[in-house]
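Student: Shown below is the structure under consideration.
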Amino acid sequence: RAEEMMNLVKNKDIDIMMSHINSYARKSLGNKSPYEVFAFQYGEELLDIFNIKKISADEITLTEKLFSKADK
């Protein structure tokens with residue numbers, strides 16, 4: 001079963017998912033996103049190495065619809 005799931009989810013899909021999750025602003029971070037906090041602390045270069053990109057607030061998707069966007 002785990003092997004089936006790995007075949008369904010590709011690394012690029014995981015990168016996209018993590019980019020969306022980490023671009024979402026959180027009250028607990030002073031209305032900043034984890035991406036912004038991490039970039040301030042460590043720089044965007046490290047985020048690039050991890051393939052995490054900043055997603056604009058109006059384009060963030062936190063539902064399964066994200067995977068249909070990733071396929072395009």
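So you can find residues: chains in the structure tokens are A, B, ... in the order shown, residues in each start at 1, and ligands are numbered from 1 in order.
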I want to know what sits within 6 Å of A:Ile60, based on only C-alpha atoms, with residues of the same chain fewer than 2 positions away left out; could you give that as a list in words?
Tutor: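 Listed by chain and then number, they are His20, Ala57 and Asp58 of chain A.
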Student: Please extract the residues of chain A with a backbone DSSP assignment of helix (DSSP H, G or I) and present them as a PyMOL selection string.
Tutor: chain A and resi 2-8+11-23+27-29+34-42+44-49+57-59+65-70
Student: Could you write those residues out with N, CA and C atoms, as a compact mmCIF listing (two decimals), in the first residue's frame?
Tutor:
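Heads up, here's the output in selection_13.txt:
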```txt
# COMPACT_ATOMS: atom_id res chain seq x y z
N ALA A 2 1.91 1.29 0.81
CA ALA A 2 2.80 2.45 0.85
C ALA A 2 3.50 2.63 -0.49
N GLU A 3 3.85 1.53 -1.13
CA GLU A 3 4.50 1.60 -2.44
C GLU A 3 3.56 2.21 -3.49
N GLU A 4 2.28 1.84 -3.41
CA GLU A 4 1.28 2.42 -4.31
C GLU A 4 1.22 3.93 -4.13
N MET A 5 1.21 4.38 -2.89
CA MET A 5 1.14 5.82 -2.61
C MET A 5 2.36 6.54 -3.16
N MET A 6 3.53 5.93 -3.01
CA MET A 6 4.75 6.55 -3.51
C MET A 6 4.71 6.69 -5.03
N ASN A 7 4.08 5.76 -5.70
CA ASN A 7 3.95 5.85 -7.14
C ASN A 7 3.00 6.96 -7.55
N LEU A 8 2.03 7.26 -6.70
CA LEU A 8 1.06 8.30 -7.02
C LEU A 8 1.59 9.70 -6.76
N ASN A 11 8.03 13.59 -6.33
CA ASN A 11 8.78 14.60 -5.57
C ASN A 11 8.33 16.01 -5.91
N LYS A 12 8.07 16.29 -7.19
CA LYS A 12 7.64 17.64 -7.57
C LYS A 12 6.29 17.97 -6.94
N ASP A 13 5.43 16.97 -6.78
CA ASP A 13 4.14 17.19 -6.13
C ASP A 13 4.34 17.54 -4.66
N ILE A 14 5.27 16.86 -4.02
CA ILE A 14 5.56 17.13 -2.61
C ILE A 14 6.14 18.54 -2.46
N ASP A 15 7.05 18.93 -3.38
CA ASP A 15 7.62 20.27 -3.34
C ASP A 15 6.53 21.34 -3.49
N ILE A 16 5.62 21.11 -4.40
CA ILE A 16 4.52 22.07 -4.62
C ILE A 16 3.64 22.14 -3.38
N MET A 17 3.30 20.98 -2.84
CA MET A 17 2.45 20.93 -1.64
C MET A 17 3.12 21.68 -0.48
N MET A 18 4.41 21.42 -0.26
CA MET A 18 5.13 22.08 0.83
C MET A 18 5.24 23.58 0.59
N SER A 19 5.38 23.99 -0.65
CA SER A 19 5.42 25.42 -0.96
C SER A 19 4.11 26.10 -0.59
N HIS A 20 3.00 25.47 -0.91
CA HIS A 20 1.70 26.04 -0.58
C HIS A 20 1.49 26.08 0.94
N ILE A 21 1.80 24.99 1.62
CA ILE A 21 1.63 24.94 3.08
C ILE A 21 2.49 26.00 3.75
N ASN A 22 3.73 26.13 3.32
CA ASN A 22 4.66 27.04 3.98
C ASN A 22 4.51 28.49 3.54
N SER A 23 3.67 28.76 2.56
CA SER A 23 3.40 30.13 2.14
C SER A 23 2.17 30.72 2.83
N LYS A 27 -1.26 33.29 12.23
CA LYS A 27 -1.38 34.25 13.32
C LYS A 27 -0.26 34.06 14.34
N SER A 28 0.09 32.80 14.61
CA SER A 28 1.12 32.50 15.61
C SER A 28 2.51 32.99 15.19
N LEU A 29 2.67 33.32 13.91
CA LEU A 29 3.95 33.84 13.42
C LEU A 29 3.84 35.33 13.10
N PRO A 34 5.50 30.58 7.31
CA PRO A 34 6.74 29.88 7.65
C PRO A 34 7.84 30.17 6.62
N TYR A 35 7.45 30.32 5.35
CA TYR A 35 8.42 30.66 4.31
C TYR A 35 9.11 31.98 4.64
N GLU A 36 8.33 33.00 4.98
CA GLU A 36 8.89 34.32 5.27
C GLU A 36 9.80 34.29 6.50
N VAL A 37 9.37 33.60 7.54
CA VAL A 37 10.17 33.51 8.76
C VAL A 37 11.48 32.78 8.48
N PHE A 38 11.41 31.67 7.77
CA PHE A 38 12.61 30.91 7.44
C PHE A 38 13.55 31.73 6.57
N ALA A 39 12.99 32.40 5.55
CA ALA A 39 13.82 33.22 4.65
C ALA A 39 14.51 34.34 5.41
N PHE A 40 13.83 34.94 6.36
CA PHE A 40 14.43 36.01 7.18
C PHE A 40 15.58 35.46 8.01
N GLN A 41 15.38 34.29 8.60
CA GLN A 41 16.39 33.69 9.48
C GLN A 41 17.58 33.12 8.71
N TYR A 42 17.32 32.42 7.61
CA TYR A 42 18.36 31.63 6.95
C TYR A 42 18.62 32.01 5.49
N GLU A 44 16.77 32.97 1.42
CA GLU A 44 15.99 32.27 0.40
C GLU A 44 16.81 31.24 -0.35
N GLU A 45 18.13 31.36 -0.34
CA GLU A 45 18.96 30.39 -1.06
C GLU A 45 18.74 28.97 -0.55
N LEU A 46 18.62 28.83 0.76
CA LEU A 46 18.39 27.51 1.34
C LEU A 46 17.01 26.97 0.95
N LEU A 47 16.02 27.84 0.89
CA LEU A 47 14.69 27.42 0.44
C LEU A 47 14.74 26.93 -1.01
N ASP A 48 15.54 27.61 -1.83
CA ASP A 48 15.71 27.17 -3.23
C ASP A 48 16.32 25.77 -3.29
N ILE A 49 17.28 25.51 -2.42
CA ILE A 49 17.90 24.18 -2.38
C ILE A 49 16.85 23.11 -2.06
N ALA A 57 -0.46 34.86 -1.83
CA ALA A 57 -1.61 34.55 -0.97
C ALA A 57 -2.87 34.20 -1.77
N ASP A 58 -3.08 34.85 -2.89
CA ASP A 58 -4.28 34.59 -3.68
C ASP A 58 -4.19 33.32 -4.52
N GLU A 59 -3.03 32.67 -4.53
CA GLU A 59 -2.86 31.43 -5.29
C GLU A 59 -2.66 30.20 -4.42
N LYS A 65 -7.34 19.80 -4.53
CA LYS A 65 -7.35 20.43 -5.86
C LYS A 65 -5.95 20.86 -6.27
N LEU A 66 -5.06 21.01 -5.31
CA LEU A 66 -3.68 21.39 -5.59
C LEU A 66 -3.03 20.41 -6.54
N PHE A 67 -3.32 19.12 -6.39
CA PHE A 67 -2.68 18.13 -7.25
C PHE A 67 -3.16 18.22 -8.69
N SER A 68 -4.39 18.65 -8.91
CA SER A 68 -4.82 18.83 -10.29
C SER A 68 -4.11 20.03 -10.90
N LYS A 69 -3.78 21.06 -10.08
CA LYS A 69 -3.00 22.20 -10.57
C LYS A 69 -1.57 21.77 -10.88
N ALA A 70 -1.02 20.89 -10.07
CA ALA A 70 0.37 20.46 -10.24
C ALA A 70 0.56 19.68 -11.54
```
